[in-house]
file entry-v1.txt (compact mmCIF, C-alpha atoms)
# COMPACT_ATOMS: atom_id res chain seq x y z
CA MET A 259 22.48 25.97 19.09
CA GLN A 260 20.26 27.87 21.53
CA ASP A 261 19.56 30.49 18.82
CA THR A 262 18.45 27.74 16.45
CA LEU A 263 16.07 26.28 19.03
CA THR A 264 14.68 29.73 19.81
CA ASN A 265 14.13 30.39 16.10
CA LEU A 266 12.37 27.05 15.71
CA ARG A 267 10.11 27.80 18.65
CA ILE A 268 9.25 31.18 17.18
CA LYS A 269 8.49 29.55 13.80
CA ASP A 270 6.32 27.01 15.61
CA GLY A 271 4.46 29.87 17.28
CA VAL A 272 5.42 28.66 20.75
CA ALA A 273 6.88 31.99 21.81
CA GLY A 274 4.19 32.62 24.40
CA PRO A 275 1.37 30.81 26.20
CA PRO A 276 -2.02 30.73 24.46
CA THR A 277 -4.66 33.17 25.60
CA GLY A 278 -8.32 32.17 25.66
CA PRO A 279 -9.75 28.80 24.59
CA LEU A 280 -7.51 26.71 22.37
CA THR A 281 -8.73 26.44 18.79
CA LEU A 282 -7.75 24.13 15.95
CA GLU A 283 -6.19 27.13 14.23
CA ASP A 284 -4.03 27.77 17.30
CA LEU A 285 -2.90 24.16 17.31
CA TYR A 286 -2.10 24.36 13.63
CA LYS A 287 -0.03 27.51 14.02
CA GLN A 288 1.75 26.27 17.12
CA HIS A 289 2.46 22.64 16.27
CA ARG A 290 2.33 22.13 12.51
CA MET A 291 6.04 22.65 11.81
CA ARG A 292 7.10 20.50 14.76
CA LEU A 293 4.82 17.70 13.57
CA VAL A 294 6.10 18.03 9.99
CA ARG A 295 9.68 17.70 11.28
CA LEU A 296 8.65 14.62 13.27
CA ALA A 297 7.00 13.06 10.22
CA LEU A 298 9.99 14.01 8.05
CA LEU A 299 12.32 12.15 10.37
CA LEU A 300 10.07 9.11 10.13
CA VAL A 301 9.23 9.04 6.40
CA ASP A 302 12.25 10.87 4.91
CA GLU A 303 10.24 12.75 2.28
CA PRO A 304 9.01 16.35 2.77
CA SER A 305 5.83 16.13 0.70
CA THR A 306 4.81 12.84 2.34
CA ALA A 307 5.55 14.26 5.80
CA GLU A 308 3.31 17.25 5.07
CA ASP A 309 0.56 14.92 3.84
CA VAL A 310 0.78 12.84 7.02
CA VAL A 311 0.48 15.96 9.19
CA GLN A 312 -2.38 17.30 7.08
CA GLU A 313 -4.23 13.99 7.53
CA ALA A 314 -3.67 14.19 11.29
CA PHE A 315 -5.14 17.69 11.42
CA ALA A 316 -8.03 16.63 9.19
CA GLY A 317 -8.77 13.75 11.56
CA LEU A 318 -8.66 16.09 14.55
CA HIS A 319 -10.99 18.50 12.75
CA ARG A 320 -13.50 15.69 12.13
CA ASN A 321 -13.45 14.82 15.84
CA TRP A 322 -13.03 18.34 17.26
CA LYS A 323 -16.57 18.58 18.64
CA GLY A 324 -16.14 15.32 20.56
CA LEU A 325 -12.82 16.41 22.08
CA ARG A 326 -13.19 16.77 25.85
CA ASP A 327 -9.78 18.28 26.56
CA ALA A 328 -8.27 20.60 23.96
CA GLN A 329 -4.86 20.19 25.59
CA ALA A 330 -4.98 16.47 24.77
CA ALA A 331 -5.26 17.38 21.10
CA VAL A 332 -1.47 17.76 20.81
CA GLY A 333 -1.03 14.18 21.99
CA TYR A 334 -3.71 13.06 19.55
CA LEU A 335 -1.92 14.85 16.71
CA ARG A 336 1.46 13.39 17.64
CA THR A 337 0.02 9.87 17.80
CA ALA A 338 -1.81 10.39 14.51
CA VAL A 339 1.42 11.56 12.84
CA VAL A 340 3.37 8.56 14.13
CA ASN A 341 0.62 6.14 13.05
CA GLY A 342 0.28 7.87 9.67
CA SER A 343 4.03 7.62 9.16
CA ARG A 344 3.94 3.93 10.03
CA SER A 345 1.21 3.42 7.44
CA VAL A 346 3.29 5.20 4.80
CA LEU A 347 6.29 3.01 5.61
CA ARG A 348 4.15 -0.15 5.46
CA ARG A 349 2.77 0.85 2.06
CA ARG A 350 6.29 1.57 0.81
CA LYS A 351 7.53 -1.82 1.99
CA THR A 352 4.58 -3.58 0.38
CA ALA A 353 5.18 -1.73 -2.89
CA ARG A 354 8.90 -2.58 -2.81
CA ASP A 355 8.24 -6.25 -2.06
CA TYR A 356 5.55 -6.65 -4.72
CA THR A 357 6.49 -8.55 -7.82
CA PRO A 358 3.81 -9.01 -10.44
CA PRO A 359 2.74 -12.66 -10.68
CA HIS A 360 3.29 -12.98 -14.40
CA VAL A 361 5.68 -10.50 -15.91
CA ALA A 362 5.70 -10.52 -19.68
CA ASN A 363 9.24 -10.81 -20.94
CA ALA A 364 10.57 -10.06 -24.37
CA ARG A 365 11.55 -13.25 -26.15
CA SER A 366 14.68 -13.64 -28.20
CA ALA A 367 14.61 -15.00 -31.75
CA GLU A 368 15.86 -18.35 -30.47
CA SER A 369 13.08 -18.60 -27.90
CA LEU A 370 10.50 -17.72 -30.54
CA ALA A 371 11.80 -20.56 -32.70
CA MET A 372 11.43 -22.92 -29.73
CA LEU A 373 7.92 -21.68 -28.96
CA THR A 374 6.21 -24.54 -30.75
CA ALA A 375 8.18 -27.14 -28.77
CA GLU A 376 7.51 -25.25 -25.53
CA HIS A 377 3.85 -24.83 -26.46
CA GLN A 378 3.56 -28.56 -27.12
CA ALA A 379 5.12 -29.35 -23.73
CA VAL A 380 2.64 -27.07 -21.95
CA VAL A 381 -0.34 -28.56 -23.81
CA LYS A 382 0.87 -32.06 -22.92
CA ALA A 383 1.26 -31.04 -19.26
CA LEU A 384 -2.20 -29.42 -19.26
CA GLN A 385 -3.71 -32.72 -20.41
CA GLN A 386 -2.43 -34.35 -17.23
CA LEU A 387 -4.32 -31.91 -14.97
CA PRO A 388 -7.81 -32.61 -13.60
CA PRO A 389 -10.56 -31.14 -15.82
CA ARG A 390 -11.48 -28.22 -13.54
CA GLN A 391 -7.86 -27.13 -13.11
CA ARG A 392 -7.28 -27.40 -16.85
CA GLU A 393 -10.40 -25.32 -17.58
CA VAL A 394 -9.42 -22.58 -15.15
CA LEU A 395 -5.87 -22.29 -16.51
CA VAL A 396 -6.97 -22.36 -20.13
CA LEU A 397 -9.64 -19.72 -19.54
CA ARG A 398 -7.24 -17.55 -17.53
CA TYR A 399 -4.06 -17.69 -19.59
CA TYR A 400 -5.23 -18.64 -23.07
CA GLY A 401 -8.68 -17.06 -22.97
CA ASP A 402 -7.40 -14.04 -20.97
CA LEU A 403 -10.54 -13.97 -18.80
CA SER A 404 -10.72 -12.36 -15.36
CA GLU A 405 -11.46 -14.41 -12.25
CA ALA A 406 -15.05 -13.13 -12.24
CA GLU A 407 -15.52 -14.10 -15.90
CA ILE A 408 -14.06 -17.57 -15.25
CA ALA A 409 -16.36 -18.02 -12.26
CA GLU A 410 -19.35 -17.11 -14.40
CA ALA A 411 -18.27 -19.34 -17.28
CA THR A 412 -17.57 -22.40 -15.12
CA GLY A 413 -20.32 -21.94 -12.53
CA ILE A 414 -17.93 -21.87 -9.56
CA SER A 415 -17.22 -19.08 -7.08
CA LYS A 416 -14.48 -16.51 -7.57
CA GLY A 417 -12.64 -17.84 -4.50
CA THR A 418 -12.72 -21.35 -5.95
CA VAL A 419 -11.30 -19.97 -9.21
CA LYS A 420 -8.40 -18.44 -7.29
CA SER A 421 -7.60 -21.56 -5.29
CA THR A 422 -8.04 -23.85 -8.29
CA ALA A 423 -5.72 -21.70 -10.40
CA SER A 424 -3.11 -21.69 -7.65
CA ARG A 425 -3.23 -25.48 -7.23
CA ALA A 426 -3.22 -25.97 -11.00
CA LEU A 427 -0.14 -23.78 -11.46
CA ASP A 428 1.68 -25.71 -8.72
CA ALA A 429 0.73 -29.02 -10.32
CA LEU A 430 1.70 -27.78 -13.79
CA GLN A 431 5.06 -26.65 -12.49
CA LYS A 432 5.71 -30.09 -10.97
CA ILE A 433 4.68 -31.83 -14.19
CA MET A 434 6.90 -29.57 -16.31
CA ALA A 435 9.88 -30.02 -13.95
CA GLY A 436 9.55 -33.84 -13.89
call {"tool": "encode", "arguments": {"input": "entry-v1.txt", "output": "structure tokens"}}
result
Amino acid sequence: MQDTLTNLRIKDGVAGPPTGPLTLEDLYKQHRMRLVRLALLLVDEPSTAEDVVQEAFAGLHRNWKGLRDAQAAVGYLRTAVVNGSRSVLRRRKTARDYTPPHVANARSAESLAMLTAEHQAVVKALQQLPPRQREVLVLRYYGDLSEAEIAEATGISKGTVKSTASRALDALQKIMAG
């Protein structure tokens, strides 16, 4: 165990105390592997861990001239690695939790035969919506326009298009369920 720790310290370049003023290159040689191991324990993926550490060093490089105490740089790097790892984990969670709002599904032959009846039910439900909601849904899902294009076509803001579409879908769902 002690041999392993000694070997790791040698790989980290921590075998002896630094001589002269501490440079970014010294920090990189001395602490890079330790920081990569830290990031690897947090993000569980070697290439991502290396990217997190690289970003931390890049951030330190951008702020190197404003650094008052070079010894505090190690703490800065460690904090940057932990924060970078947290960001990676947040992005992963967001990506895992994301489900596209309208996933196209392949229809069976039976569902294609029923399409006209389903289509008629949707058209009938659309007729029960207020005019603006009906316009927004028709332009979005039948006209395949973007929110910006709908906003331009109807003369309302993009935010209003979003909220109107959301309310219209909720109302349409209630109408179709009832």
call {"tool": "residues_around", "arguments": {"input": "entry-v1.txt", "residues": "range 325-342 of chain A", "least_positions_apart": "6", "cutoff": "7 Å", "atoms": "all atoms listed in the file", "output": "list in words"}}
result
Leu280, Leu293, Ala297, Val310, Val311, Ala314 and Phe315 of chain A
call {"tool": "closest_residue", "arguments": {"input": "entry-v1.txt", "among": "A:Lys432, A:Lys382, A:Arg354, A:Lys420", "to": "Ala406 in chain A", "atoms": "all atoms listed in the file"}}
result
A:Lys420
call {"tool": "atom_distance", "arguments": {"input": "entry-v1.txt", "atom1": "CA of Ala409 in chain A", "atom2": "CA of Gln431 in chain A"}}
result
23.1 Å
call {"tool": "atom_distance", "arguments": {"input": "entry-v1.txt", "atom1": "CA of Leu285 in chain A", "atom2": "CA of Val301 in chain A"}}
result
22.2 Å
call {"tool": "atom_distance", "arguments": {"input": "entry-v1.txt", "atom1": "CA of Arg295 in chain A", "atom2": "CA of Tyr356 in chain A"}}
result
29.4 Å
call {"tool": "residues_around", "arguments": {"input": "entry-v1.txt", "residues": "Ile433 in chain A", "least_positions_apart": "4", "cutoff": "12 Å", "atoms": "all atoms listed in the file", "output": "count of residues only"}}
result
13
call {"tool": "residues_around", "arguments": {"input": "entry-v1.txt", "residues": "Leu395 in chain A", "least_positions_apart": "3", "cutoff": "9 Å", "atoms": "all atoms listed in the file", "output": "JSON, numbers by chain"}}
result
{"A": [384, 390, 391, 392, 398, 399, 400, 401, 422, 423, 426, 427]}
call {"tool": "closest_residue", "arguments": {"input": "entry-v1.txt", "among": "A:Leu298, A:Leu318, A:Arg348, A:Ser343", "to": "Glu283 in chain A", "atoms": "all atoms listed in the file"}}
result
A:Leu318
call {"tool": "closest_residue", "arguments": {"input": "entry-v1.txt", "among": "A:Glu313, A:His319, A:Ser424, A:Asp302", "to": "Thr281 in chain A", "atoms": "all atoms listed in the file"}}
result
A:His319
call {"tool": "closest_residue", "arguments": {"input": "entry-v1.txt", "among": "A:Gln288, A:Glu410, A:Leu282, A:Asp355", "to": "Asn321 in chain A", "atoms": "all atoms listed in the file"}}
result
A:Leu282
call {"tool": "closest_residue", "arguments": {"input": "entry-v1.txt", "among": "A:Leu300, A:Val346, A:Pro389, A:Val394", "to": "Lys416 in chain A", "atoms": "all atoms listed in the file"}}
result
A:Val394
